[in-house]
Amino acid sequence: MRNGPALKVEGLETGYGEVQILWGIDLDVPYGTLTTILGANGAGKSTLLRAITGILPLWTGKVSFKGKEITSYAPHTRAAMGLIMIPEGRMIFPEMTVLENLEMGAFTKRARGKMRENLDYALSLFPRLKERLDQRAGTMSGGEQQMLAIARGLMADPRVLIFDEPSLGLAPKLVIEVFEAIQKLKEEGVTMLLVEQNVHLSLAITDYAYVLAEGRVVMEGKGEELEESEEVKKAYLGV
Ligand SMILES: Nc1ncnc2c1ncn2[C@@H]1O[C@H](COP(=O)(O)OP(=O)(O)O)[C@@H](O)[C@H]1O
Ligand SMILES: [Mg+2]
């Protein structure tokens, strides 16, 4: 059943209009691991996630999910298979309650069938949301809204959960909370692909990381290996 990694990208190239952004990207996300893509602003991280989730067509290369090539599949088909992205900027519905937002997360047929179970699971991971089920989502703090976005992702019954800069724009204390939540999911065995600019926190919890610069993978390795690499820090991460 589990032939190879949960998600596999091979020789991926794409861009916008005539402008090529990504060049020959190879990347694996093994089952039950946290894989991270690091890179400065404009490196092409979000573009890569758009290509993986099917929002942006590939020019060349392949995307495989659970051992099946999905390069030509529509975004909603990929989502129905369990490839779920929590987009940059959270995208919660501010006028709706926390519970309504969570219910919106169960948008695939499979997820609707497991709604109760996934709700219990998401609320056990984020007890703070449990106390706020009837509160309008827009009145919560930025950190709570990010927890809601993650919990809503879990409501979609993901096989691979993708995060695009979940700590962006959050106060330092809330950044820590978001990383703790991701760490918790990792301990639960959830397969995840994380895009981040927060080098230290993500390398501390990731199994494996890729460094993206100007649309190319310029370095990759285990979290602890990259954490120790001065070259990574100086050349690509600006820290
Ligand atoms: N919708 C778009 N149309 C044209 N160019 C875009 C679009 N989105 C991003 N880009 C360009 O693609 C490059 C990579 O952007 P992006 O993938 O958002 O980087 P990152 O997420 O790493 O900050 C940038 O040069 C950016 O200006
Ligand atoms: Mg981005």
# chains A, B, ... in the order shown; residues from 1 in each chain; ligands from 1
call {"tool": "residues_near_ligand", "arguments": {"ligand": "ligand 1", "cutoff": "8 Å", "atoms": "only C-alpha atoms and all ligand atoms", "output": "JSON, numbers by chain"}}
result
{"A": [15, 16, 17, 19, 21, 39, 40, 41, 42, 43, 44, 45, 46, 47, 48, 164, 212, 214, 215]}
call {"tool": "residues_around", "arguments": {"residues": "Ala209 in chain A", "least_positions_apart": "2", "cutoff": "8 Å", "atoms": "only C-alpha atoms", "output": "compact mmCIF listing (two decimals) with N, CA, C and O atoms, in the first residue's frame"}}
result
# COMPACT_ATOMS: atom_id res chain seq x y z
N THR A 35 8.14 17.70 7.03
CA THR A 35 9.11 18.18 6.05
C THR A 35 8.92 19.68 5.91
O THR A 35 7.79 20.16 5.84
N THR A 36 10.02 20.42 5.87
CA THR A 36 9.93 21.88 5.86
C THR A 36 10.61 22.46 4.63
O THR A 36 11.66 21.97 4.21
N ILE A 37 10.00 23.50 4.07
CA ILE A 37 10.62 24.27 3.00
C ILE A 37 10.95 25.64 3.56
O ILE A 37 10.05 26.37 4.00
N LEU A 38 12.24 25.96 3.57
CA LEU A 38 12.69 27.26 4.06
C LEU A 38 13.09 28.13 2.88
O LEU A 38 13.45 27.61 1.82
N LEU A 203 13.49 24.40 12.10
CA LEU A 203 14.55 23.37 12.06
C LEU A 203 14.57 22.56 13.36
O LEU A 203 14.94 21.39 13.35
N THR A 206 11.60 19.97 12.70
CA THR A 206 11.39 19.25 11.44
C THR A 206 12.25 18.00 11.33
O THR A 206 13.34 17.92 11.91
N ASP A 207 11.77 17.02 10.59
CA ASP A 207 12.58 15.84 10.30
C ASP A 207 13.58 16.16 9.20
O ASP A 207 14.73 15.79 9.27
N VAL A 211 15.97 23.94 1.39
CA VAL A 211 16.14 25.39 1.32
C VAL A 211 15.93 25.82 -0.13
O VAL A 211 16.60 25.32 -1.04
N GLU A 220 19.54 20.72 1.14
CA GLU A 220 18.55 19.93 1.86
C GLU A 220 19.25 19.06 2.87
O GLU A 220 20.45 18.79 2.75
N GLY A 221 18.52 18.64 3.89
CA GLY A 221 19.12 17.78 4.90
C GLY A 221 18.21 17.65 6.11
O GLY A 221 17.14 18.25 6.16
N LYS A 222 18.67 16.85 7.05
CA LYS A 222 17.92 16.68 8.30
C LYS A 222 17.90 18.01 9.05
O LYS A 222 18.85 18.80 8.95
N GLY A 223 16.85 18.20 9.85
CA GLY A 223 16.70 19.45 10.60
C GLY A 223 17.93 19.84 11.37
O GLY A 223 18.45 20.95 11.24
N LEU A 226 20.98 20.97 9.15
CA LEU A 226 20.88 22.33 8.62
C LEU A 226 20.98 23.37 9.73
O LEU A 226 21.52 24.45 9.52
call {"tool": "select_by_dssp", "arguments": {"residues": "range 92-192 of chain A", "states": "strand (DSSP E or B)", "output": "ChimeraX atom specification"}}
result
/A:97,136,160-164,191-192
call {"tool": "write_last_selection", "arguments": {"atoms": "N, CA and C atoms", "output": "short mmCIF file (atom, residue, chain, number, x, y, z; two decimals), in the first residue's frame"}}
result
data_model
loop_
_atom_site.label_atom_id
_atom_site.label_comp_id
_atom_site.auth_asym_id
_atom_site.auth_seq_id
_atom_site.Cartn_x
_atom_site.Cartn_y
_atom_site.Cartn_z
N THR A 97 -19.14 31.61 13.44
CA THR A 97 -18.63 31.15 14.73
C THR A 97 -17.48 30.16 14.51
N ARG A 136 -17.73 34.46 17.60
CA ARG A 136 -17.43 34.81 16.22
C ARG A 136 -15.93 34.75 16.01
N VAL A 160 -2.12 14.38 4.02
CA VAL A 160 -0.96 15.27 4.14
C VAL A 160 -1.50 16.67 4.38
N LEU A 161 -0.98 17.29 5.43
CA LEU A 161 -1.42 18.64 5.80
C LEU A 161 -0.30 19.62 5.45
N ILE A 162 -0.64 20.63 4.65
CA ILE A 162 0.35 21.60 4.17
C ILE A 162 0.08 22.95 4.83
N PHE A 163 1.14 23.56 5.36
CA PHE A 163 1.01 24.88 6.00
C PHE A 163 1.83 25.90 5.22
N ASP A 164 1.23 27.03 4.89
CA ASP A 164 2.00 28.11 4.27
C ASP A 164 2.20 29.24 5.28
N THR A 191 1.21 13.49 8.77
CA THR A 191 2.21 13.81 7.75
C THR A 191 2.04 15.27 7.34
N MET A 192 3.14 16.04 7.40
CA MET A 192 3.01 17.48 7.17
C MET A 192 4.13 18.05 6.30
#
call {"tool": "residues_around", "arguments": {"residues": "Glu13 in chain A", "least_positions_apart": "6", "cutoff": "10 Å", "atoms": "only C-alpha atoms", "output": "tab-separated table (two decimals) with C-alpha atoms, in the first residue's frame"}}
result
chain	number	residue	atom	x	y	z
A	20	GLN	CA	9.55	30.92	-14.87
A	21	ILE	CA	9.64	30.82	-11.06
A	22	LEU	CA	10.50	27.20	-10.14
A	23	TRP	CA	13.33	25.19	-11.68
A	24	GLY	CA	13.67	21.40	-11.40
A	25	ILE	CA	12.27	20.94	-7.92
A	26	ASP	CA	12.61	17.44	-6.39
A	48	LEU	CA	5.51	25.50	-5.09
A	51	ALA	CA	1.70	23.71	-7.92
A	57	PRO	CA	-0.44	23.99	-13.53
A	58	LEU	CA	3.03	22.51	-13.98
A	59	TRP	CA	5.09	23.35	-17.07
A	60	THR	CA	7.00	20.14	-16.62
A	61	GLY	CA	7.59	17.51	-13.94
A	62	LYS	CA	5.40	15.30	-11.78
A	215	GLY	CA	13.14	28.95	-7.35
A	216	ARG	CA	15.72	26.21	-6.84
call {"tool": "residues_around", "arguments": {"residues": "range 166-179 of chain A", "least_positions_apart": "5", "cutoff": "12 Å", "atoms": "only C-alpha atoms", "output": "ChimeraX atom specification"}}
result
/A:34,41,85-91,125-126,128,141-151,184-186,193-206
call {"tool": "atom_distance", "arguments": {"atom1": "CA of Leu27 in chain A", "atom2": "CA of Leu49 in chain A"}}
result
11.7 Å
call {"tool": "closest_residue", "arguments": {"among": "A:Lys68, A:Glu165, A:Gly82, A:Ile55", "to": "ligand 2", "atoms": "only C-alpha atoms and all ligand atoms"}}
result
A:Glu165
call {"tool": "closest_residue", "arguments": {"among": "A:Val218, A:Ala122, A:Val29, A:Met96", "to": "Asp157 in chain A", "atoms": "only C-alpha atoms"}}
result
A:Ala122
call {"tool": "closest_residue", "arguments": {"among": "A:Glu227, A:Leu12, A:Arg50, A:Leu99", "to": "ligand 2", "atoms": "only C-alpha atoms and all ligand atoms"}}
result
A:Arg50
call {"tool": "select_by_dssp", "arguments": {"residues": "range 12-235 of chain A", "states": "helix (DSSP H, G or I)", "output": "PyMOL selection string"}}
result
chain A and resi 45-53+75-81+98-105+109-113+115-125+127-130+137-139+142-155+172-187+199-205+223-228+230-235
call {"tool": "closest_residue", "arguments": {"among": "A:Leu7, A:Ala80, A:Ile92, A:Leu133", "to": "Ile52 in chain A", "atoms": "only C-alpha atoms"}}
result
A:Leu7
call {"tool": "closest_residue", "arguments": {"among": "A:Pro94, A:Arg152, A:Gly113, A:Thr53", "to": "Ala74 in chain A", "atoms": "only C-alpha atoms"}}
result
A:Thr53
call {"tool": "closest_residue", "arguments": {"among": "A:Asn101, A:Ala213, A:Val190, A:Met155", "to": "Gln135 in chain A", "atoms": "only C-alpha atoms"}}
result
A:Asn101
call {"tool": "atom_distance", "arguments": {"atom1": "CA of Lys114 in chain A", "atom2": "CA of Leu129 in chain A"}}
result
19.0 Å
call {"tool": "atom_distance", "arguments": {"atom1": "CA of Gly4 in chain A", "atom2": "CA of Gly67 in chain A"}}
result
6.4 Å
